[in-house]
file final02.txt (compact mmCIF, C-alpha atoms)
# COMPACT_ATOMS: atom_id res chain seq x y z
CA MET A 1 31.28 -4.69 18.48
CA PRO A 2 33.99 -4.73 15.81
CA ALA A 3 34.81 -7.95 14.01
CA GLN A 4 38.47 -7.49 14.82
CA HIS A 5 40.03 -6.36 18.08
CA GLU A 6 43.42 -4.70 17.93
CA GLU A 7 45.12 -7.79 19.33
CA ASP A 8 43.44 -10.11 16.81
CA LYS A 9 45.38 -9.49 13.62
CA MET A 10 44.26 -12.68 11.87
CA ALA A 11 40.49 -12.18 11.91
CA LEU A 12 38.83 -13.65 8.84
CA LEU A 13 36.71 -10.51 8.58
CA GLU A 14 38.22 -7.27 9.80
CA ARG A 15 36.26 -4.22 10.87
CA HIS A 16 37.61 -0.75 11.47
CA ASP A 17 35.23 2.14 12.09
CA THR A 18 35.96 5.62 10.77
CA GLY A 19 33.42 7.95 12.32
CA ALA A 20 29.98 6.78 11.19
CA VAL A 21 31.45 4.41 8.56
CA ALA A 22 32.18 0.73 9.26
CA ARG A 23 34.98 -0.51 7.00
CA LEU A 24 34.87 -4.30 6.53
CA THR A 25 37.66 -6.29 4.88
CA LEU A 26 37.57 -9.92 3.76
CA ASN A 27 40.84 -11.19 5.18
CA ASN A 28 41.89 -14.50 3.66
CA PRO A 29 44.24 -13.18 0.97
CA ASP A 30 46.18 -16.41 0.44
CA LYS A 31 43.00 -17.99 -0.97
CA LEU A 32 41.72 -14.79 -2.65
CA ASN A 33 39.13 -14.20 0.09
CA PRO A 34 36.68 -16.99 -0.79
CA LEU A 35 33.16 -17.12 0.60
CA SER A 36 33.94 -20.18 2.68
CA ASP A 37 31.60 -21.50 5.37
CA ALA A 38 33.55 -19.49 7.94
CA MET A 39 33.57 -16.31 5.85
CA LEU A 40 29.82 -16.51 5.23
CA ALA A 41 29.26 -16.97 8.97
CA ALA A 42 31.54 -14.04 9.80
CA LEU A 43 29.75 -11.75 7.36
CA GLN A 44 26.31 -12.81 8.57
CA GLU A 45 27.31 -12.24 12.20
CA GLU A 46 28.86 -8.85 11.54
CA PHE A 47 25.93 -7.65 9.46
CA GLY A 48 23.71 -8.70 12.37
CA ARG A 49 25.72 -6.45 14.67
CA LEU A 50 25.66 -3.57 12.21
CA ALA A 51 21.90 -3.79 11.72
CA GLY A 52 21.43 -2.71 15.32
CA ASP A 53 24.28 -0.17 15.47
CA ALA A 54 22.71 3.28 15.17
CA SER A 55 26.15 4.92 15.28
CA ILE A 56 27.04 3.44 11.87
CA ARG A 57 25.42 5.09 8.84
CA ALA A 58 27.35 3.52 5.97
CA ILE A 59 29.49 0.44 5.35
CA THR A 60 32.33 -0.31 2.94
CA LEU A 61 33.38 -3.84 2.02
CA GLY A 62 36.79 -4.61 0.53
CA GLY A 63 39.23 -7.49 0.29
CA ALA A 64 42.78 -7.95 1.56
CA GLY A 65 45.65 -8.90 -0.72
CA LYS A 66 45.60 -8.98 -4.51
CA ALA A 67 41.90 -9.69 -5.05
CA PHE A 68 38.48 -8.80 -3.72
CA CYS A 69 36.83 -12.24 -3.75
CA ALA A 70 37.19 -15.34 -5.94
CA GLY A 71 33.80 -16.81 -5.04
CA HIS A 72 33.10 -19.99 -3.11
CA ASP A 73 35.87 -22.17 -1.70
CA LEU A 74 36.09 -24.98 -4.28
CA LYS A 75 38.25 -27.21 -2.06
CA GLU A 76 35.69 -26.91 0.72
CA MET A 77 32.90 -27.71 -1.73
CA THR A 78 34.81 -30.73 -3.00
CA ALA A 79 35.19 -32.00 0.55
CA GLY A 80 31.41 -31.73 0.93
CA ARG A 81 31.02 -34.47 -1.68
CA GLN A 82 32.28 -37.03 0.82
CA ALA A 83 28.86 -37.20 2.51
CA GLU A 84 26.64 -40.21 1.84
CA ASP A 85 24.36 -38.15 -0.39
CA GLY A 86 27.29 -36.93 -2.50
CA GLY A 87 27.06 -33.49 -0.94
CA LYS A 88 23.48 -32.68 -1.95
CA ALA A 89 22.37 -31.48 1.49
CA TYR A 90 25.60 -29.56 2.07
CA PHE A 91 25.45 -27.78 -1.29
CA LYS A 92 21.80 -26.79 -0.81
CA ASP A 93 22.59 -25.48 2.67
CA LEU A 94 25.68 -23.63 1.41
CA PHE A 95 23.82 -21.80 -1.33
CA ASN A 96 20.94 -21.02 1.04
CA ARG A 97 23.35 -19.51 3.56
CA CYS A 98 25.05 -17.50 0.85
CA ALA A 99 21.72 -16.21 -0.45
CA ARG A 100 20.67 -15.27 3.07
CA MET A 101 23.86 -13.25 3.53
CA MET A 102 23.40 -11.49 0.18
CA MET A 103 19.80 -10.58 1.02
CA THR A 104 20.89 -9.37 4.46
CA ILE A 105 23.00 -6.70 2.76
CA GLN A 106 19.92 -5.21 1.15
CA LYS A 107 17.93 -5.43 4.38
CA LEU A 108 20.53 -3.50 6.40
CA PRO A 109 19.50 0.05 7.32
CA GLN A 110 22.90 1.32 6.16
CA PRO A 111 23.98 1.48 2.50
CA VAL A 112 26.81 -0.96 1.74
CA ILE A 113 29.52 0.04 -0.74
CA ALA A 114 31.68 -2.70 -2.27
CA GLN A 115 35.23 -1.75 -3.21
CA PRO A 116 36.45 -4.57 -5.50
CA HIS A 117 39.96 -4.84 -6.86
CA GLY A 118 41.90 -7.54 -8.69
CA ILE A 119 39.11 -9.99 -9.42
CA ALA A 120 35.51 -10.43 -8.34
CA THR A 121 34.42 -13.79 -9.69
CA ALA A 122 31.38 -16.07 -9.35
CA ALA A 123 29.98 -15.50 -5.85
CA GLY A 124 32.51 -12.67 -5.51
CA CYS A 125 30.87 -10.92 -8.44
CA GLN A 126 27.52 -11.73 -6.83
CA LEU A 127 28.72 -9.99 -3.67
CA VAL A 128 29.50 -6.81 -5.62
CA ALA A 129 26.09 -6.96 -7.30
CA ALA A 130 24.34 -7.50 -3.95
CA CYS A 131 25.86 -4.36 -2.43
CA ASP A 132 23.99 -1.08 -2.80
CA MET A 133 26.88 0.65 -4.57
CA ALA A 134 30.40 -0.17 -5.69
CA VAL A 135 33.66 1.68 -6.33
CA ALA A 136 36.14 -0.43 -8.30
CA ALA A 137 39.88 -0.18 -8.79
CA GLU A 138 41.24 0.15 -12.29
CA GLY A 139 42.25 -3.25 -13.61
CA THR A 140 39.56 -5.16 -11.71
CA ARG A 141 38.01 -8.02 -13.67
CA PHE A 142 34.48 -9.28 -13.07
CA GLY A 143 33.15 -12.67 -14.08
CA VAL A 144 30.53 -15.31 -13.41
CA ASN A 145 32.83 -17.94 -14.80
CA GLY A 146 31.61 -21.12 -13.16
CA VAL A 147 30.53 -22.44 -16.56
CA ASN A 148 34.24 -22.81 -17.36
CA ILE A 149 34.44 -25.66 -14.83
CA GLY A 150 30.98 -27.06 -15.55
CA LEU A 151 29.06 -25.19 -12.84
CA PHE A 152 26.59 -22.59 -14.08
CA CYS A 153 26.57 -19.57 -11.75
CA SER A 154 22.84 -19.78 -11.04
CA THR A 155 22.85 -18.00 -7.67
CA PRO A 156 25.26 -15.22 -8.76
CA MET A 157 22.92 -14.82 -11.73
CA VAL A 158 20.15 -13.56 -9.42
CA ALA A 159 22.05 -10.49 -8.27
CA LEU A 160 23.90 -9.92 -11.55
CA SER A 161 20.76 -9.95 -13.69
CA ARG A 162 19.25 -7.33 -11.41
CA ASN A 163 22.23 -5.03 -11.97
CA ILE A 164 23.06 -5.17 -15.65
CA PRO A 165 21.14 -5.62 -18.95
CA ARG A 166 19.67 -9.09 -19.48
CA LYS A 167 21.54 -10.06 -22.64
CA LYS A 168 24.93 -9.00 -21.27
CA ALA A 169 24.30 -10.94 -18.06
CA PHE A 170 23.39 -14.03 -20.06
CA GLU A 171 26.50 -13.65 -22.20
CA MET A 172 28.73 -13.48 -19.13
CA LEU A 173 27.00 -16.50 -17.59
CA THR A 174 27.17 -18.71 -20.67
CA THR A 175 30.65 -17.79 -21.93
CA GLY A 176 32.49 -17.40 -18.62
CA GLN A 177 34.24 -14.37 -20.06
CA PHE A 178 35.37 -11.51 -17.83
CA ILE A 179 34.55 -7.84 -18.17
CA SER A 180 36.78 -4.92 -17.21
CA ALA A 181 36.11 -2.40 -14.48
CA GLU A 182 35.32 0.19 -17.14
CA LYS A 183 32.79 -2.13 -18.79
CA ALA A 184 31.29 -2.90 -15.37
CA GLU A 185 30.79 0.83 -14.85
CA GLU A 186 29.24 1.21 -18.30
CA LEU A 187 26.80 -1.64 -17.58
CA GLY A 188 25.92 -0.39 -14.10
CA LEU A 189 27.58 -3.08 -11.97
CA VAL A 190 29.80 -0.45 -10.32
CA ASN A 191 29.28 3.27 -9.76
CA LYS A 192 32.77 4.44 -10.64
CA VAL A 193 36.31 3.31 -11.31
CA VAL A 194 39.36 4.86 -9.67
CA PRO A 195 43.12 4.18 -9.60
CA HIS A 196 43.93 1.33 -7.24
CA ALA A 197 45.90 3.66 -4.98
CA ASP A 198 42.77 5.78 -4.49
CA LEU A 199 40.32 2.92 -3.88
CA ASP A 200 40.10 3.11 -0.08
CA ALA A 201 39.83 6.89 -0.10
CA ALA A 202 37.21 6.95 -2.86
CA ALA A 203 35.02 4.33 -1.18
CA LEU A 204 35.34 6.12 2.15
CA GLU A 205 34.52 9.47 0.55
CA LEU A 206 31.30 8.07 -0.90
CA ALA A 207 30.44 6.36 2.39
CA GLU A 208 31.04 9.54 4.37
CA LEU A 209 28.83 11.50 1.99
CA VAL A 210 26.01 9.00 2.55
CA ALA A 211 26.67 9.01 6.31
CA SER A 212 26.30 12.80 6.39
CA LYS A 213 22.62 12.54 5.46
CA LEU A 214 19.73 12.01 7.87
CA GLY A 215 20.09 8.38 8.90
CA ALA A 216 16.36 7.83 9.39
CA ALA A 217 15.63 9.08 5.88
CA VAL A 218 18.32 6.91 4.28
CA LYS A 219 17.08 3.87 6.22
CA VAL A 220 13.47 4.25 5.11
CA GLY A 221 14.60 5.15 1.60
CA LYS A 222 16.79 2.06 1.21
CA GLU A 223 13.98 -0.22 2.31
CA ALA A 224 11.54 1.52 -0.02
CA PHE A 225 14.00 1.36 -2.93
CA TYR A 226 14.19 -2.43 -2.88
CA ASN A 227 10.49 -2.88 -2.17
CA GLN A 228 9.21 -0.64 -4.96
CA ILE A 229 11.55 -1.93 -7.63
CA GLN A 230 9.73 -5.27 -7.57
CA MET A 231 6.26 -3.70 -7.95
CA PRO A 232 4.23 -2.65 -10.99
CA VAL A 233 4.55 1.11 -11.60
CA ALA A 234 1.14 2.14 -10.26
CA GLU A 235 1.58 0.04 -7.11
CA ALA A 236 5.10 1.40 -6.67
CA TYR A 237 3.84 5.00 -6.78
CA ASP A 238 1.13 4.27 -4.20
CA TYR A 239 3.64 2.61 -1.91
CA ALA A 240 6.32 5.29 -2.38
CA GLY A 241 3.75 8.04 -1.74
CA ASP A 242 2.88 6.48 1.60
CA VAL A 243 6.58 6.21 2.49
CA MET A 244 7.19 9.88 1.64
CA ALA A 245 4.15 11.00 3.61
CA GLN A 246 5.45 9.19 6.68
CA ASN A 247 8.95 10.57 6.10
CA MET A 248 7.51 14.11 6.02
CA LEU A 249 6.23 13.61 9.57
CA TYR A 250 9.73 13.02 10.97
CA ARG A 251 10.89 15.78 13.31
CA ASP A 252 14.29 15.87 11.62
CA THR A 253 12.73 16.12 8.15
CA GLU A 254 10.75 19.15 9.28
CA GLU A 255 13.98 20.60 10.67
CA GLY A 256 15.88 19.82 7.45
CA ILE A 257 13.33 21.65 5.32
CA ALA A 258 13.29 24.62 7.70
CA ALA A 259 17.09 24.77 7.69
CA PHE A 260 17.15 24.74 3.88
CA LEU A 261 14.61 27.57 3.68
CA GLU A 262 16.48 29.54 6.32
CA LYS A 263 19.86 28.85 4.68
CA ARG A 264 21.48 27.27 7.74
CA PRO A 265 22.80 23.80 8.65
CA PRO A 266 20.12 21.44 10.00
CA ASP A 267 20.06 20.54 13.69
CA TRP A 268 19.31 16.84 13.29
CA LYS A 269 18.81 14.71 16.37
CA GLN A 270 19.15 11.28 14.70

call {"tool": "encode", "arguments": {"input": "final02.txt", "output": "structure tokens"}}
result
Amino acid sequence: MPAQHEEDKMALLERHDTGAVARLTLNNPDKLNPLSDAMLAALQEEFGRLAGDASIRAITLGGAGKAFCAGHDLKEMTAGRQAEDGGKAYFKDLFNRCARMMMTIQKLPQPVIAQPHGIATAAGCQLVAACDMAVAAEGTRFGVNGVNIGLFCSTPMVALSRNIPRKKAFEMLTTGQFISAEKAEELGLVNKVVPHADLDAAALELAELVASKLGAAVKVGKEAFYNQIQMPVAEAYDYAGDVMAQNMLYRDTEEGIAAFLEKRPPDWKQ
């Protein structure tokens, strides 16, 4: 079920499906699409729907207005300090919910492609890093700049340090300095950079290419990718070999190989 019905033009998270691609848009442009309590809940709910939607094979995630995402809602966080404990319980719960949402992205059967533009800062940069791939608009700036206001970006650090080289991640975290879209591509935070006018089309093109593959194979491959990357090499090979052996037993994999050998399009059922 889409996050936005046609009559609901003010949904915090919009969803429009294009064939087998679900196109999500953070839709709070006046505040630069922060990961507020409501936005985190909307993302978590929609990802829950998508996890069980076999008709969707790829997902794009963009932001409305002049920026992708400026991170957490600082006014909302400040209000949380009014609790008797100074906000300790609220902050812990907030960061736990945010981490859960980020990890949900990697657990989805469908690849998720971020399409940042403008800025992607703090938890917004974390969101880009948590996605499986990213296509950025020229001029986009990326930063984990919480240190500039006295808050080290410890949770964004988790995703960022798993995307880019260690020393560059540490530099970004400790200086609060931004990097360009081109530098983000060089470091591996994004896959490619395109003119802003081409951003939607480029992200959709990549998503449609992924969606054209055998969904069952991409699903098992995505899960295996994140599992093996945390293992020692020998263990990873043993695990990946088992995954491939099971994949070879799929009816549609047998059909795909036969179609390749016979030089014809595959007749996939899934």

call {"tool": "atom_distance", "arguments": {"input": "final02.txt", "atom1": "atom CA of Ala245 of chain A", "atom2": "atom CA of Asn227 of chain A"}}
result
16.3 Å

call {"tool": "closest_residue", "arguments": {"input": "final02.txt", "among": "A:Gly221, A:Pro232, A:Gly139, A:Gly63", "to": "Val194 of chain A", "atoms": "only C-alpha atoms"}}
result
A:Gly139

call {"tool": "axis_aligned_box", "arguments": {"input": "final02.txt", "around": "segment 100-108 of chain A", "padding_each_side": "5 Å", "output": "lines of an AutoDock Vina configuration file"}}
result
center_x = 20.9
center_y = -9.4
center_z = 3.3
size_x = 15.9
size_y = 21.8
size_z = 16.2

call {"tool": "closest_atom_pairs", "arguments": {"input": "final02.txt", "of": "segment 187-238 of chain A", "to": "segment 252-269 of chain A", "cutoff": "9 Å", "atoms": "all atoms listed in the file", "output": "CSV"}}
result
residue,atom,partner,partner_atom,distance
A:Leu214,CA,A:Trp268,CA,7.3
A:Ala216,CA,A:Asp252,CA,8.6
A:Ala217,CA,A:Thr253,CA,7.9

call {"tool": "atom_distance", "arguments": {"input": "final02.txt", "atom1": "atom CA of Cys153 of chain A", "atom2": "atom CA of Met103 of chain A"}}
result
17.0 Å

call {"tool": "atom_distance", "arguments": {"input": "final02.txt", "atom1": "atom CA of Ser161 of chain A", "atom2": "atom CA of Ala89 of chain A"}}
result
26.4 Å

call {"tool": "residues_around", "arguments": {"input": "final02.txt", "residues": "Thr121 of chain A", "least_positions_apart": "3", "cutoff": "12 Å", "atoms": "only C-alpha atoms", "output": "VMD selection string"}}
result
chain A and resid 32 to 35 67 to 73 116 to 118 124 to 129 140 to 148 153 156 to 157 160 172 to 173 176 to 180

call {"tool": "residues_around", "arguments": {"input": "final02.txt", "residues": "segment 105-109 of chain A", "least_positions_apart": "5", "cutoff": "9 Å", "atoms": "only C-alpha atoms", "output": "PyMOL selection string"}}
result
chain A and resi 47-48+50-52+57-58+100+130-132+215-216+218-220+222-223+226

call {"tool": "residues_around", "arguments": {"input": "final02.txt", "residues": "Ala42 of chain A", "least_positions_apart": "4", "cutoff": "8 Å", "atoms": "only C-alpha atoms", "output": "short mmCIF file (atom, residue, chain, number, x, y, z; two decimals) with C-alpha atoms, in the coordinates of the input"}}
result
data_model
loop_
_atom_site.label_atom_id
_atom_site.label_comp_id
_atom_site.auth_asym_id
_atom_site.auth_seq_id
_atom_site.Cartn_x
_atom_site.Cartn_y
_atom_site.Cartn_z
CA LEU A 12 38.83 -13.65 8.84
CA LEU A 13 36.71 -10.51 8.58
CA ALA A 38 33.55 -19.49 7.94
CA GLU A 46 28.86 -8.85 11.54
#

call {"tool": "residues_around", "arguments": {"input": "final02.txt", "residues": "segment 91-96 of chain A", "least_positions_apart": "4", "cutoff": "9 Å", "atoms": "only C-alpha atoms", "output": "VMD selection string"}}
result
chain A and resid 37 77 80 to 81 87 100 to 101 155

call {"tool": "closest_residue", "arguments": {"input": "final02.txt", "among": "A:Ala22, A:Leu151, A:Val190, A:Met231", "to": "Thr175 of chain A", "atoms": "only C-alpha atoms"}}
result
A:Leu151
